[in-house]
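What's in structure-v1.cif: mmCIF, N, CA and C atoms
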data_coords
#
loop_
_atom_site.label_atom_id
_atom_site.label_comp_id
_atom_site.auth_asym_id
_atom_site.auth_seq_id
_atom_site.Cartn_x
_atom_site.Cartn_y
_atom_site.Cartn_z
N MET A 1 29.68 -15.95 39.63
CA MET A 1 28.39 -15.47 40.07
C MET A 1 27.79 -16.50 41.02
N GLY A 2 27.14 -15.99 42.07
CA GLY A 2 26.51 -16.87 43.04
C GLY A 2 25.18 -17.40 42.54
N ARG A 3 24.54 -18.11 43.39
CA ARG A 3 23.23 -18.69 43.06
C ARG A 3 22.22 -17.57 42.87
N CYS A 4 21.44 -17.62 41.83
CA CYS A 4 20.42 -16.61 41.56
C CYS A 4 19.09 -17.05 42.14
N ILE A 5 18.38 -16.09 42.72
CA ILE A 5 17.06 -16.37 43.26
C ILE A 5 16.10 -15.30 42.75
N SER A 6 14.86 -15.64 42.71
CA SER A 6 13.83 -14.71 42.26
C SER A 6 13.31 -13.94 43.47
N LYS A 7 13.22 -12.60 43.33
CA LYS A 7 12.73 -11.74 44.40
C LYS A 7 11.70 -10.79 43.82
N HIS A 8 10.72 -10.46 44.61
CA HIS A 8 9.75 -9.44 44.22
C HIS A 8 10.10 -8.21 45.05
N LEU A 9 10.50 -7.14 44.40
CA LEU A 9 10.90 -5.92 45.09
C LEU A 9 10.01 -4.76 44.68
N ILE A 10 9.75 -3.89 45.62
CA ILE A 10 9.04 -2.66 45.31
C ILE A 10 10.08 -1.55 45.37
N LEU A 11 10.39 -0.98 44.20
CA LEU A 11 11.46 0.02 44.08
C LEU A 11 10.91 1.33 43.54
N ASP A 12 11.56 2.41 43.92
CA ASP A 12 11.23 3.72 43.40
C ASP A 12 11.63 3.76 41.93
N HIS A 13 10.65 3.93 41.04
CA HIS A 13 10.90 3.86 39.61
C HIS A 13 11.89 4.94 39.16
N ALA A 14 11.75 6.15 39.68
CA ALA A 14 12.64 7.25 39.28
C ALA A 14 14.08 6.95 39.70
N LYS A 15 14.27 6.41 40.91
CA LYS A 15 15.62 6.04 41.37
C LYS A 15 16.21 4.95 40.49
N LEU A 16 15.40 3.98 40.18
CA LEU A 16 15.87 2.88 39.35
C LEU A 16 16.31 3.38 37.98
N LYS A 17 15.55 4.27 37.38
CA LYS A 17 15.91 4.82 36.06
C LYS A 17 17.16 5.69 36.15
N LYS A 18 17.30 6.49 37.24
CA LYS A 18 18.52 7.29 37.42
C LYS A 18 19.74 6.38 37.57
N ALA A 19 19.59 5.32 38.36
CA ALA A 19 20.69 4.38 38.55
C ALA A 19 21.03 3.69 37.23
N GLN A 20 20.01 3.33 36.48
CA GLN A 20 20.22 2.68 35.19
C GLN A 20 21.01 3.60 34.26
N LYS A 21 20.65 4.87 34.23
CA LYS A 21 21.36 5.83 33.39
C LYS A 21 22.80 6.01 33.89
N ALA A 22 22.97 6.15 35.21
CA ALA A 22 24.31 6.36 35.78
C ALA A 22 25.23 5.16 35.53
N LEU A 23 24.67 3.97 35.60
CA LEU A 23 25.47 2.76 35.43
C LEU A 23 25.60 2.34 33.97
N GLY A 24 24.77 2.90 33.12
CA GLY A 24 24.81 2.54 31.71
C GLY A 24 24.33 1.12 31.46
N THR A 25 23.39 0.67 32.27
CA THR A 25 22.88 -0.69 32.12
C THR A 25 21.65 -0.69 31.22
N GLU A 26 21.39 -1.85 30.64
CA GLU A 26 20.27 -1.97 29.70
C GLU A 26 18.98 -2.42 30.37
N THR A 27 19.11 -3.25 31.39
CA THR A 27 17.90 -3.78 32.03
C THR A 27 17.86 -3.37 33.50
N GLU A 28 16.66 -3.43 34.07
CA GLU A 28 16.51 -3.11 35.49
C GLU A 28 17.23 -4.15 36.35
N ASN A 29 17.17 -5.40 35.94
CA ASN A 29 17.86 -6.45 36.69
C ASN A 29 19.37 -6.21 36.71
N GLU A 30 19.92 -5.86 35.55
CA GLU A 30 21.35 -5.57 35.46
C GLU A 30 21.70 -4.36 36.33
N THR A 31 20.80 -3.39 36.39
CA THR A 31 21.01 -2.20 37.21
C THR A 31 21.12 -2.57 38.68
N VAL A 32 20.20 -3.37 39.16
CA VAL A 32 20.22 -3.79 40.56
C VAL A 32 21.47 -4.61 40.85
N GLU A 33 21.82 -5.53 39.97
CA GLU A 33 23.02 -6.35 40.15
C GLU A 33 24.28 -5.48 40.23
N ARG A 34 24.41 -4.52 39.29
CA ARG A 34 25.59 -3.64 39.28
C ARG A 34 25.63 -2.75 40.51
N ALA A 35 24.47 -2.27 40.94
CA ALA A 35 24.42 -1.43 42.14
C ALA A 35 24.86 -2.23 43.37
N LEU A 36 24.40 -3.46 43.48
CA LEU A 36 24.83 -4.32 44.59
C LEU A 36 26.33 -4.58 44.53
N ASP A 37 26.84 -4.86 43.33
CA ASP A 37 28.28 -5.07 43.17
C ASP A 37 29.06 -3.83 43.61
N SER A 38 28.56 -2.66 43.27
CA SER A 38 29.24 -1.40 43.63
C SER A 38 29.30 -1.22 45.14
N VAL A 39 28.20 -1.52 45.82
CA VAL A 39 28.17 -1.40 47.28
C VAL A 39 29.16 -2.37 47.92
N ILE A 40 29.18 -3.59 47.43
CA ILE A 40 30.09 -4.61 47.96
C ILE A 40 31.54 -4.20 47.73
N GLU A 41 31.86 -3.71 46.53
CA GLU A 41 33.22 -3.28 46.22
C GLU A 41 33.64 -2.09 47.08
N GLU A 42 32.73 -1.15 47.28
CA GLU A 42 33.04 0.04 48.09
C GLU A 42 33.33 -0.37 49.54
N GLU A 43 32.55 -1.28 50.07
CA GLU A 43 32.79 -1.75 51.43
C GLU A 43 34.15 -2.43 51.55
N GLU A 44 34.51 -3.22 50.56
CA GLU A 44 35.83 -3.89 50.57
C GLU A 44 36.95 -2.86 50.51
N LYS A 45 36.80 -1.84 49.67
CA LYS A 45 37.81 -0.77 49.60
C LYS A 45 37.95 -0.07 50.93
N ASN A 46 36.82 0.23 51.57
CA ASN A 46 36.86 0.89 52.88
C ASN A 46 37.54 0.01 53.92
N ARG A 47 37.23 -1.28 53.90
CA ARG A 47 37.85 -2.21 54.86
C ARG A 47 39.36 -2.25 54.68
N LEU A 48 39.78 -2.33 53.42
CA LEU A 48 41.22 -2.37 53.13
C LEU A 48 41.90 -1.06 53.50
N ALA A 49 41.23 0.06 53.26
CA ALA A 49 41.81 1.37 53.61
C ALA A 49 41.97 1.50 55.12
N TRP A 50 40.97 1.08 55.88
CA TRP A 50 41.10 1.16 57.34
C TRP A 50 42.19 0.21 57.85
N ALA A 51 42.31 -0.95 57.24
CA ALA A 51 43.36 -1.89 57.65
C ALA A 51 44.74 -1.29 57.38
N ALA A 52 44.91 -0.65 56.22
CA ALA A 52 46.18 0.01 55.89
C ALA A 52 46.45 1.15 56.86
N ASN A 53 45.41 1.90 57.19
CA ASN A 53 45.55 3.01 58.13
C ASN A 53 46.01 2.50 59.50
N GLU A 54 45.42 1.41 59.94
CA GLU A 54 45.82 0.84 61.23
C GLU A 54 47.26 0.35 61.21
N ARG A 55 47.68 -0.28 60.10
CA ARG A 55 49.08 -0.71 59.99
C ARG A 55 50.02 0.48 60.03
N PHE A 56 49.67 1.55 59.33
CA PHE A 56 50.47 2.77 59.33
C PHE A 56 50.59 3.33 60.75
N LEU A 57 49.47 3.40 61.45
CA LEU A 57 49.49 3.95 62.80
C LEU A 57 50.35 3.11 63.74
N ARG A 58 50.22 1.79 63.67
CA ARG A 58 51.05 0.93 64.52
C ARG A 58 52.53 1.13 64.23
N ALA A 59 52.88 1.23 62.94
CA ALA A 59 54.29 1.45 62.56
C ALA A 59 54.77 2.81 63.05
N ALA A 60 53.94 3.82 62.92
CA ALA A 60 54.32 5.16 63.36
C ALA A 60 54.53 5.20 64.86
N ILE A 61 53.66 4.54 65.60
CA ILE A 61 53.79 4.51 67.07
C ILE A 61 55.06 3.76 67.47
N ARG A 62 55.34 2.64 66.78
CA ARG A 62 56.57 1.89 67.07
C ARG A 62 57.80 2.74 66.85
N GLN A 63 57.75 3.64 65.88
CA GLN A 63 58.88 4.50 65.59
C GLN A 63 58.91 5.75 66.47
N GLY A 64 57.94 5.86 67.37
CA GLY A 64 57.91 6.99 68.29
C GLY A 64 57.31 8.26 67.72
N LEU A 65 56.61 8.15 66.61
CA LEU A 65 55.98 9.33 66.03
C LEU A 65 54.68 9.64 66.76
N GLN A 66 54.38 10.92 66.88
CA GLN A 66 53.12 11.33 67.49
C GLN A 66 52.11 11.63 66.39
N ILE A 67 50.95 11.04 66.50
CA ILE A 67 49.88 11.26 65.52
C ILE A 67 48.77 12.04 66.23
N ASP A 68 48.46 13.22 65.73
CA ASP A 68 47.37 14.01 66.29
C ASP A 68 46.10 13.73 65.49
N ASP A 69 45.09 13.25 66.17
CA ASP A 69 43.82 12.90 65.54
C ASP A 69 42.91 14.13 65.54
N VAL A 70 43.20 15.07 64.64
CA VAL A 70 42.48 16.35 64.64
C VAL A 70 41.03 16.21 64.19
N PHE A 71 40.69 15.16 63.48
CA PHE A 71 39.32 14.95 63.02
C PHE A 71 38.57 13.90 63.83
N GLY A 72 39.26 13.25 64.78
CA GLY A 72 38.61 12.23 65.59
C GLY A 72 38.20 11.00 64.79
N GLN A 73 39.01 10.62 63.81
CA GLN A 73 38.65 9.52 62.91
C GLN A 73 39.53 8.28 63.05
N LEU A 74 40.51 8.30 63.90
CA LEU A 74 41.48 7.20 63.93
C LEU A 74 40.95 5.91 64.52
N GLU A 75 39.80 5.93 65.11
CA GLU A 75 39.25 4.72 65.69
C GLU A 75 38.63 3.81 64.64
N GLY A 76 38.34 4.31 63.45
CA GLY A 76 37.76 3.49 62.39
C GLY A 76 36.25 3.49 62.45
N PRO A 77 35.60 3.22 61.32
CA PRO A 77 34.13 3.31 61.26
C PRO A 77 33.42 2.29 62.12
N SER A 78 34.01 1.12 62.30
CA SER A 78 33.33 0.07 63.08
C SER A 78 33.41 0.34 64.57
N ARG A 79 34.26 1.27 65.00
CA ARG A 79 34.44 1.52 66.43
C ARG A 79 33.85 2.84 66.88
N ARG A 80 33.34 3.61 65.94
CA ARG A 80 32.74 4.89 66.32
C ARG A 80 31.39 4.65 66.98
N GLY A 81 31.07 5.55 67.94
CA GLY A 81 29.82 5.44 68.67
C GLY A 81 28.71 5.98 67.93
#
Let's see the structure in the file written out as structure tokens.
Amino acid sequence: MGRCISKHLILDHAKLKKAQKALGTETENETVERALDSVIEEEEKNRLAWAANERFLRAAIRQGLQIDDVFGQLEGPSRRG
């Protein structure tokens, strides 16, 4: 765990309670911590998935395979306009 700091936040009470129920947490602080962890983990999963996708595409191109980008998604989330 990193360094803890005290913050004063103004949060939507209903959202906080819904998140607390969804996460099964006991305290509001634990709810916010778990929600932040979830966002960080999701971003890491997305980064790894795009990296794997790019490796697959490079390998496919090297093998002479044609990839049709029917959804316009092959550029990755960081490169979309």
Inset, instruction - Could you please determine the separation between atom N of Lys17 (chain A) and CA of Asn29 (chain A) in Å, to one decimal place? - result: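 Separation between atom N of Lys17 (chain A) and CA of Asn29 (chain A): 11.0 Å.
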Legend entry - Point-to-point distance from atom C of Thr27 (chain A) to atom C of Glu43 (chain A), Å rounded to tenths: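 Computing the Euclidean distance for atom C of Thr27 (chain A) and atom C of Glu43 (chain A) yields 24.3 Å.
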Legend entry - Distance of atom C of Ala49 (chain A) from atom N of Asp37 (chain A), expressed in Å to one decimal place: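 Between atom N of Asp37 (chain A) and atom C of Ala49 (chain A) the gap is 20.2 Å.
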Inset, instruction - Write out as an MDAnalysis selection string each polymer residue whose atoms come within 12 Å of Lys18 (chain A), counting only C-alpha atoms; drop sequence neighbours fewer than 4 positions from it. - result: chainID A and resid 12:14 22:25 28 31:32 35
Inset, instruction - Determine which residues of chain A receive a DSSP assignment of helix (DSSP H, G or I), computed from the backbone, and state them as a PyMOL selection string. - result: chain A and resi 13-23+28-62
Legend entry - Nearest to Trp50 (chain A), chosen from A:Ser6, A:Ser38, A:Gln73, A:Gln66, with only C-alpha atoms counted in the distances: A:Gln73
